[in-house]
Structure formats: structure tokens, C-alpha cells
Amino acid sequence: MITPTTPRRTARAAALLGALTIVVGSALGTFPAHADEPGTPPAATEAPKVDLILDGSGSMQTADIQGKSRMTVAQQSINEVIDALPEETEFGIRTLGATYPGKDQKEGCKDTQQLYPVGKTNKVEAKTAVATVRPTGWTPIGIALRAAAEDLGTGPTTRRIVLITDGEDTCAPPDPCDVARELASKGIHLVVDTLGLAHDDKTRQQLICIANATGGTFTDVRSQDQLTKRVKQLVERAQDTHSVTPAQVVGADKCADAPILTPGVYTDREKFSEHRVYRVPVKAGEELRASVSVTPDRAVARDYGVLLQATDNSGQELVRGNDAGSGRTDVASTGVRWSAAEDDSDSASPSPSKGSGSGSAVRTVCLVVSNSFAPQAAVQADPGLPLELTVDVAAASPAPDGPAMGLGRGWILLGVLTLAGLLAGLIFGWLARWRISVWREN
Amino acid sequence: MRKLRTAAAMAAAFTGLLLPATPSASAASPSAPPSASASGTAKPVLNSVGTSFLTATTLASGQDADVPVSTGDYLYWAFPAAEGQTPTVQVKVTLPDAADRHGAQTWTVELFDGLRRRQSCTAGPQNGTAEQSATTLELSCTLRQIRSWAEPWSGDPLPGTYYVRLSTTDIPQTDLGLAATVHVHVATKGGADDAQPEGGSLKDPLVPPVNAGATAAATAATPAPSASATYAAAPAEEETHWYSDLFSGWNTRWWWTVAGGVLAALAGVLGYTLTRHPRGHRHHPHHPAPAPVPHQAPPVRPQQDNWQ
């Protein structure tokens with residue numbers, strides 16, 4: 001079948017074609033690189049901002065971390081963090097309870113100072129400022145958080161507060177956890193990470209509450225090394241993730257008044273047992289993709305669930321996604337995909353289609369978000385639980401064609417075909433022999 | 001079959017020749033976020049982790065993460081998976097000092113797809129409880145095989161972003177916030193060749209947008225998806241060449257069928273020839289003849305007369 005010359009010719013052709021491709025490829029060398037660029041994240045509009053709150057209360061004198069006082073450990077760690085600060089990070093320091101040594105609670109609870117303003121950091125100046133802090137007074141965490149939020153200002157990106165303290169708030173009201181929740185619900189993209197230097201239950205509970213309310217983390221500091229590593233990690237995290245922020249939106253309770261969303265990420269607040277409705281226009285041949293996460297940022301009952309329903313204008317359900325669980329969690333999430341059935345798009349006229357002026361049928365799909373979190377006793381219901389909604393509209397994917405278009409595949413197929421061919425050849429051959437012999441005889 | 005092999009050999013030859021050309025294209029785009037730090041073949045171990053779906057740290061395929069964490073943190077990583085693959089997430093937790101702990105703690109690894117839908121694990125201890133004295137805990141979760149297409153209403157795993165969430169699901173409150181270390185490895189096996197259903201394809205992978213959205217006025221027609229939309233980790237596009245499509249999808253079936261036809265035709269010719277030139281039968285009567293006889297190659301015509 002294959003003569004010796006054929007492979008050589010093939011190889012030569014291959015070599016020629018390959019060489020040609022290289023030439024063309026290098027000539028257009030820069031072109032594919034540009035094609036990849038839409039995937040890159042947009043340039044951050046703001047530098048990452050971190051404000052560190054250092055507790056200067058009297059109890060920071062206690063020497064219980066590897067033989068050193070809490071204040072010494074904190075100061076040494078902060079120095080290391082300042083040394084390792086990324087170039088573009090805007091870093092500031094605020095103290096609480098570090099100046100008023102008196103016994104008057106009213107005065108002591110106003111005691112919070114900006115030690116170093118949030119901005120480009122002069123490392124030497126910042127470290128000198130940190131060295132001046134002496135453990136002195138009360139622990140007004142609540143007002144320090146408010147002041148830190150002001151230090152950080154508002155903007156489109158996430159701000160981070162790192163709170164290093166060794167004691168529970170001695171100045172409530174305001175309760176620091178309520179302050180944290182209030183700040184988080186303002187939509188200023190604020191995250192509070194807490195680090196506790198003391199190990200008593202009350203402090204821990206309060207710091208966990210602050211962290212949960214703002215989507216931050218809590219760390220129980222046992223060694224200087226741990227403290228340093230953790231704060232460095234938080235500063236890096238601020239740098240990595242500060243530009244990813246959802247847009248604020250307020251869902252309606254009826255589809256007709258619901259806000260119309262374009263692809264992107266949104267955040268909203270939803271109370272216990274509340275429904276929030278949003279609208280997304282979906283063209284024929286497009287697929288709606290939506291996902292939702294509800295965060296229990298306060299004490300909730302053990303079992304919980306979340307439901308995302310897509311309905312049409314008349315409230316007819318198109319698809320639903322749900323998830324349920326129990327135990328400790330940060331979010332309950334679910335998602336849905338939906339696209340109009342193929343034949344549906346032609347007969348879309350009965351269903352109300354908006355924006356038909358553009359020619360192609362546009363269906364407005366309502367997304368109904370509900371949750372089945374239940375509050376524990378004495379847990380405030382307002383503001384609602386944070387909710388994160390992601391909406392995307394992509395090309396719909398039609399079902400694959402029928403069974404293989406009659407084509408086959410595999411070794412058995414080859415065997416069967418070969419055998420059939422062989423049999424056919426034999427039969428025809430024998431028939432021919434038989435006919436020739438008959439013809440000869442005649 | 002030979003034809004198929006030749007074609008494959010040709011393809012291989014082209015691949016070999018094209019290889020020097022391709023790196024220039026991929027090296028010219030170091031801006032892609034997942035591979036930003038990855039240079040060359042060995043991917044560096046990541047030391048970061050996200051704390052929500054939105055801020056999840058992206059692991060390139062085959063890349064590990066080794067992160068100091070606090071117990072009670074919710075840890076998120078994202079990794080891309082393509083059709084036909086079966087990813088397995090392996091997690092090793094180095095627990096805090098036993099002296100600081102007050103009881104048993106349970107860690108759970110969960111997988112979510114790009115739409116944040118929970119995906120079942122087909123294998124592996126998805127959660128584990130470490131007693132107070134334990135020092136490490138190993139968890140793993142194997143996803144179902146990624147399908148090439150699924151109906152929108154189904155929850156089957158599809159190509160796109162996958163999220164790993166590692167959390168402490170049960171822990172005494174006194175043990176929260178202690179220093180632990182977590183090592184994560186995502187292994188994948190399988191490829192596009194055995195993706196089901198055959199011929200199916202998802203037009204856009206399930207990769208969620210991460211840009212802030214914008215509400216549109218009620219009267220406006222469908223707003224065009226903004227050019228500024230940014231997306232999470234997408235499965236790497238397999239390097240495609242002009243010949244890639246020849247050996248994938250329906251085309252493999254074409255090759256098999258055509259090869260089968262060719263084989264059948266050859267076998268047919270062979271069968272026919274066997275009946276027309278039954279040499280075995282012809283030589284049989286001469287078999288006892290002395291050896292030199294075949295060498296003398298008797299003329300063809302007399303033989304034909306012989307069996308006629």
C-alpha cells in the first residue's frame with residue numbers, strides 16, 4: 001500500500017509547512033499577546049489602605065507572651081510589619097487608651113489618637129511613632145473603630161482595619177460589635193481583622209463578634225512570631241484583594257419594582273425571612289447565570305438554608321437553586337443557570353418581552369433571593385444579613401447533536417467493518433469463479 | 001489504520017516543529033492573573049489564601065498552597081478545571097499546639113462550582129475530627145468528572161472555576177484563632193478525550209465575573225456587557241493549532257469511520273483475491289515435489305490453465 005517514497009514526501013511536506021508556520025508565527029509574534037489582555041484585571045483605582053489600631057490600655061503592661069510584655073511584643077511585631085510593607089500600601093496607625101492615665105471613665109473612653117496618618121509610609125517615622133506608645137488607660141474599642149473608619153475615608157475599594165488588643169471594651173456603649181456591624185452596613189467596604197493578646201472568654205467573644213460582623217478574621221496571639229506573620233499576611237491580603245468590591249444595590253420586594261442588573265457582583269442586606277428581588281434582561285440565545293451568598297454575621301440557629309429562584313414576570317418559576325446546612329459557616333450559597341428553551345424563543349410573544357425595539361426578544365427574568373437563617377434569642381434583626389449576588393449573562397449552549405451522526409469509533413468497529421469487507425470479497429470472488437466456470441462449460 | 005497512523009505521525013511532526021514557535025505567544029502574555037507568579041514549569045508554592053468566594057486565591061493547575069492560618073478562618077482557593085478532568089483536592093492541616101487546645105475540632109473541605117453551587121465529593125474523607133492530642137489532619141475531596149455539557153437546570157460539574165472552601169465546622173470557642181498551617185494540593189486526572197457527553201460543549205465556561213456590577217435604568221434596552229467585566233480563574237485554553245480540531249470531537253469519529261471503510265475495502269480486495277488466486281490450493285498437489293521446483297518459477301499461464 002505505502003511505497004517507501006510516500007513517508008519521505010509526507011515528512012518533507014510537514015517540514016515545509018512547519019517552517020512556514022514558524023515564520024508566520026514569529027512575524028505575528030506580538031499579535032496573540034494582545035488578544036490575551038482582556039482577561040487582565042483593571043488597574044486598581046486606589047492604593048490598598050490599612051489602618052492598624054493598637055491597644056494602649058494599662059493591661060498591655062502584663063508580661064505574659066514568652067516572657068515579654070504584650071506592648072513590647074506588639075511594638076516589635078509592628079516594626080517588622082512596617083519594614084516589610086509593600087510599596088503601594090497606604091498604612092496608618094491609631095492608638096486607643098494610650099494617653100489618658102486618669103480614673104474618669106468619661107474622659108478615658110474618648111481616648112483614641114491617630115498616631116500615624118493613613119498614607120505613604122515613611123518607615124523610620126512610623127517606627128519612631130510606634131515606639132512612643134506607652135500602656136496607659138482605658139479600652140474604647142467602639143469609638144476607635146469609628147475613628148479608624150474615618151481615617152481610611154471612603155472609596156471604591158476595600159479598606160482594612162487591623163485591631164490589636166488585649167482586653168474587652170471597657171467603654172460600652174457603644175458596643176464595639178454593634179459599631180462594627182453598623183460600619184459594615186454603611187457599604188464602605190470595611191473589613192476588621194482582630195488579634196487578641198489576652199485569652200479570656202469575654203475578649204475572645206467580643207473580637208470574634210467584630211470580625212464576623214465585617215467579614216474579617218480573628219487570631220488568638222500566643223507568640224510574637226505568630227503576631228508578626230499574621231499582620232504581614234493581613235497587609236498582603238489587603239493588597240491582593242482590595243480592588244475586588246461588589247456594587248451596592250437595594251433589591252425590591254416585588255419583581256415589577258426590582259432594580260435591573262448588568263453582569264457583575266452586587267451586595268445587599270436581607271433580613272431574616274425577607275425576600276429580595278432583582279431583574280436581569282436575557283436575550284434569546286443567552287444564558288443567565290446567577291449566584292448568591294448570604295452571610296450570617298451574627299448568632300444564628302444551627303440549621304440554615306438559602307434559596308435563589310428565577311421567575312418570569314408573572315411569577316412563574318423558571319429554575320431554582322438551593323443549599324442548606326448546619327453548624328459553623330460563613331456563607332450559605334447557591335446558584336442557577338437558565339436559558340430560554342430553543343423553541344421558546346420563537347414563541348416568546350405571549351410572555352411579556354421588554355425592549356422588543358432592538359429586534360431580538362428580550363426576556364426579563366426576576367431573581368428572588370430568600371434565606372432560612374433564624375436568629376438566636378436577643379439577636380438584632382436590623383441591618384439585615386449581608387448578601388452577595390453575582391450576575392452574568394453568557395452565550396447559551398445548545399444540546400449536543402443526536403447520536404453521533406451515524407459515525408462510529410473504536411477497534412470493534414474496525415474489526416466488524418474489516419470482517420464484513422473480507423466476507424463480501426470472498427463471496428464476490430466465489431461468485432465470480434462460479435460464473436466463469438459456468439461460462440467456460442457453456 | 002495505517003492511514004490513521006500516518007496522519008497521527010504527521011500531526012506529531014507538526015507539533016514538534018511548531019513547539020519553538022508557541023512559547024513566544026504564551027510568554028508574551030504574563031499579565032494573566034493565575035500565571036502571574038508562575039514562570040516556567042515549576043510553579044511556586046503560594047502562601048496566600050482568600051477569605052470569601054470573591055477574594056479566593058487562584059491556584060494554577062498543579063500549584064500548591066502552604067499557608068499559616070488561624071483556626072476558625074474560612075479559607076478559599078479557586079482553581080480552574082476543564083472538561084473530562086477529575087480534580088482531587090488534598091488538604092493537610094497542621095493543627096495548633098495540643099497544649100493550647102481544649103477539645104476535638106472538625107475541619108471540612110467543600111467544593112463549589114463557578115456558580116457557587118455545592119459539588120459532591122465522590123471520594124475522600126471530606127471532613128475529619130482531630131482529637132485534642134492529634135497534630136495533623138488530612139482531608140481530600142474528589143469531584144465528579146467534569147462534563148462537557150449539561151442542561152442549564154442540572155447541577156452537574158461543568159468546565160470553569162471551582163472553589164475550595166476549608167473551614168473549621170466544629171470547634172470549642174476557646175480554641176478559635178490559634179495558629180495552624182494548611183497545605184493544599186489540587187491534582188487532576190483525565191482530559192478532554194473522554195469528556196461526556198461527546199460532542200457537547202459549553203459555550204462559555206462557568207467563570208463568574210468579579211467586577212462590580214451596575215444597575216441599569218428600567219427603560220433602557222439590554223445593556224451590552226461592559227468591556228470592563230473581569231472574571232475569576234478560567235480553565236486554561238488548550239493550545240490549539242490548525243490541526244487540533246482534526247483529532248477531537250466528531251472528527252475522531254470521522255477518522256475511525258473512514259479508516260474502517262478503508263480497511264473494509266482492503267479486506268474486500270483481499271478476500272476477492274484469495275478466491276481468484278488460491279495459491280495454497282495450487283501448491284498443495286506439488287508439495288511433495290523437490291525443493292528446487294519453486295525456484296524455477298513456472299510460467300503463470302500454464303498454472304491458470306491447470307485449475308481451469
# chains A, B, ... in the order shown; residues from 1 in each chain; ligands from 1
>>> interface_residues(of="chain B", to="chain A", cutoff="6 Å", atoms="only C-alpha atoms", output="JSON, numbers by chain")
{"B": [14, 17, 21, 25, 28, 29, 32, 55, 70, 115, 116, 117, 152, 169, 177, 178, 199, 200, 202, 203, 209, 211, 212, 213, 214, 215, 216, 221, 253, 256, 257, 260, 263, 264, 265, 267, 268, 269, 271, 272, 275]}
>>> residues_around(residues="Pro386 in chain A", least_positions_apart="4", cutoff="7 Å", atoms="only C-alpha atoms", output="tab-separated table (two decimals) with C-alpha atoms, in the first residue's frame")
chain	number	residue	atom	x	y	z
A	268	ASP	CA	-27.27	43.97	49.57
A	269	ARG	CA	-28.73	43.33	53.01
A	270	GLU	CA	-31.52	40.89	53.65
A	294	VAL	CA	-25.87	35.02	52.36
A	295	THR	CA	-23.57	35.62	55.32
>>> residues_around(residues="range 96-112 of chain B", least_positions_apart="5", cutoff="6 Å", atoms="only C-alpha atoms", output="compact mmCIF listing (two decimals) with C-alpha atoms, in the first residue's frame")
# COMPACT_ATOMS: atom_id res chain seq x y z
CA ARG B 117 -23.26 25.54 43.79
CA ARG B 118 -22.12 22.85 46.18
CA GLN B 119 -20.50 19.93 44.39
CA GLN B 126 -14.30 15.34 53.21
CA ASN B 127 -14.28 16.14 56.88
CA GLY B 128 -12.29 14.86 59.77
CA THR B 129 -12.25 15.31 63.51
CA ALA B 130 -8.93 15.71 65.24
CA GLU B 131 -8.73 14.75 68.87
CA GLN B 132 -7.05 17.14 71.25
CA SER B 133 -3.76 15.29 71.03
CA TYR B 162 -14.06 25.73 41.15
CA TYR B 163 -13.83 26.96 44.71
CA VAL B 164 -12.30 25.09 47.60
CA ARG B 165 -13.56 26.13 51.00
CA LEU B 166 -11.73 24.83 54.02
CA SER B 167 -13.31 25.61 57.36
CA THR B 168 -13.42 24.52 60.94
CA THR B 169 -17.00 23.34 61.23
CA ASP B 170 -16.98 22.28 64.83
CA ILE B 171 -14.62 23.66 67.44
CA ASP B 175 -9.83 27.11 70.53
CA ALA B 179 -2.12 29.26 64.71
CA ALA B 180 -2.37 26.34 62.28
>>> residues_around(residues="Glu125 in chain A", least_positions_apart="5", cutoff="12 Å", atoms="only C-alpha atoms", output="list in words")
Asn79, Ile82, Asp83, Gly92, Ile93, Leu115, Tyr116, Pro117, Lys120, Val130, Ala131 and Thr132 of chain A
>>> write_last_selection(atoms="N, CA and C atoms", output="PDB file, in the first residue's frame")
ATOM      1  N   ASN A  79       6.917  46.860  64.127  1.00  0.00           N
ATOM      2  CA  ASN A  79       8.142  47.310  63.461  1.00  0.00           C
ATOM      3  C   ASN A  79       8.500  46.405  62.288  1.00  0.00           C
ATOM      4  N   ILE A  82       6.124  47.004  59.469  1.00  0.00           N
ATOM      5  CA  ILE A  82       6.409  48.251  58.751  1.00  0.00           C
ATOM      6  C   ILE A  82       7.604  48.059  57.812  1.00  0.00           C
ATOM      7  N   ASP A  83       8.615  47.313  58.291  1.00  0.00           N
ATOM      8  CA  ASP A  83       9.781  47.052  57.439  1.00  0.00           C
ATOM      9  C   ASP A  83       9.383  46.328  56.158  1.00  0.00           C
ATOM     10  N   GLY A  92      -1.599  53.220  58.124  1.00  0.00           N
ATOM     11  CA  GLY A  92      -1.717  54.186  59.206  1.00  0.00           C
ATOM     12  C   GLY A  92      -1.826  53.467  60.540  1.00  0.00           C
ATOM     13  N   ILE A  93      -1.580  54.210  61.620  1.00  0.00           N
ATOM     14  CA  ILE A  93      -1.664  53.608  62.949  1.00  0.00           C
ATOM     15  C   ILE A  93      -2.501  54.507  63.852  1.00  0.00           C
ATOM     16  N   LEU A 115      -1.999  57.986  65.485  1.00  0.00           N
ATOM     17  CA  LEU A 115      -0.568  58.014  65.760  1.00  0.00           C
ATOM     18  C   LEU A 115       0.211  58.310  64.485  1.00  0.00           C
ATOM     19  N   TYR A 116      -0.270  57.725  63.395  1.00  0.00           N
ATOM     20  CA  TYR A 116       0.392  57.953  62.113  1.00  0.00           C
ATOM     21  C   TYR A 116      -0.691  57.925  61.043  1.00  0.00           C
ATOM     22  N   PRO A 117      -0.823  58.994  60.253  1.00  0.00           N
ATOM     23  CA  PRO A 117      -1.945  59.059  59.312  1.00  0.00           C
ATOM     24  C   PRO A 117      -1.831  58.028  58.186  1.00  0.00           C
ATOM     25  N   LYS A 120       1.196  57.113  52.332  1.00  0.00           N
ATOM     26  CA  LYS A 120       2.501  56.532  52.026  1.00  0.00           C
ATOM     27  C   LYS A 120       3.354  56.597  53.292  1.00  0.00           C
ATOM     28  N   VAL A 130       5.572  54.442  66.744  1.00  0.00           N
ATOM     29  CA  VAL A 130       5.132  53.240  67.459  1.00  0.00           C
ATOM     30  C   VAL A 130       5.879  53.112  68.790  1.00  0.00           C
ATOM     31  N   ALA A 131       7.166  53.474  68.785  1.00  0.00           N
ATOM     32  CA  ALA A 131       7.994  53.311  69.981  1.00  0.00           C
ATOM     33  C   ALA A 131       7.539  54.214  71.122  1.00  0.00           C
ATOM     34  N   THR A 132       6.800  55.298  70.777  1.00  0.00           N
ATOM     35  CA  THR A 132       6.392  56.234  71.832  1.00  0.00           C
ATOM     36  C   THR A 132       5.171  55.762  72.615  1.00  0.00           C
TER      37      THR A 132
END
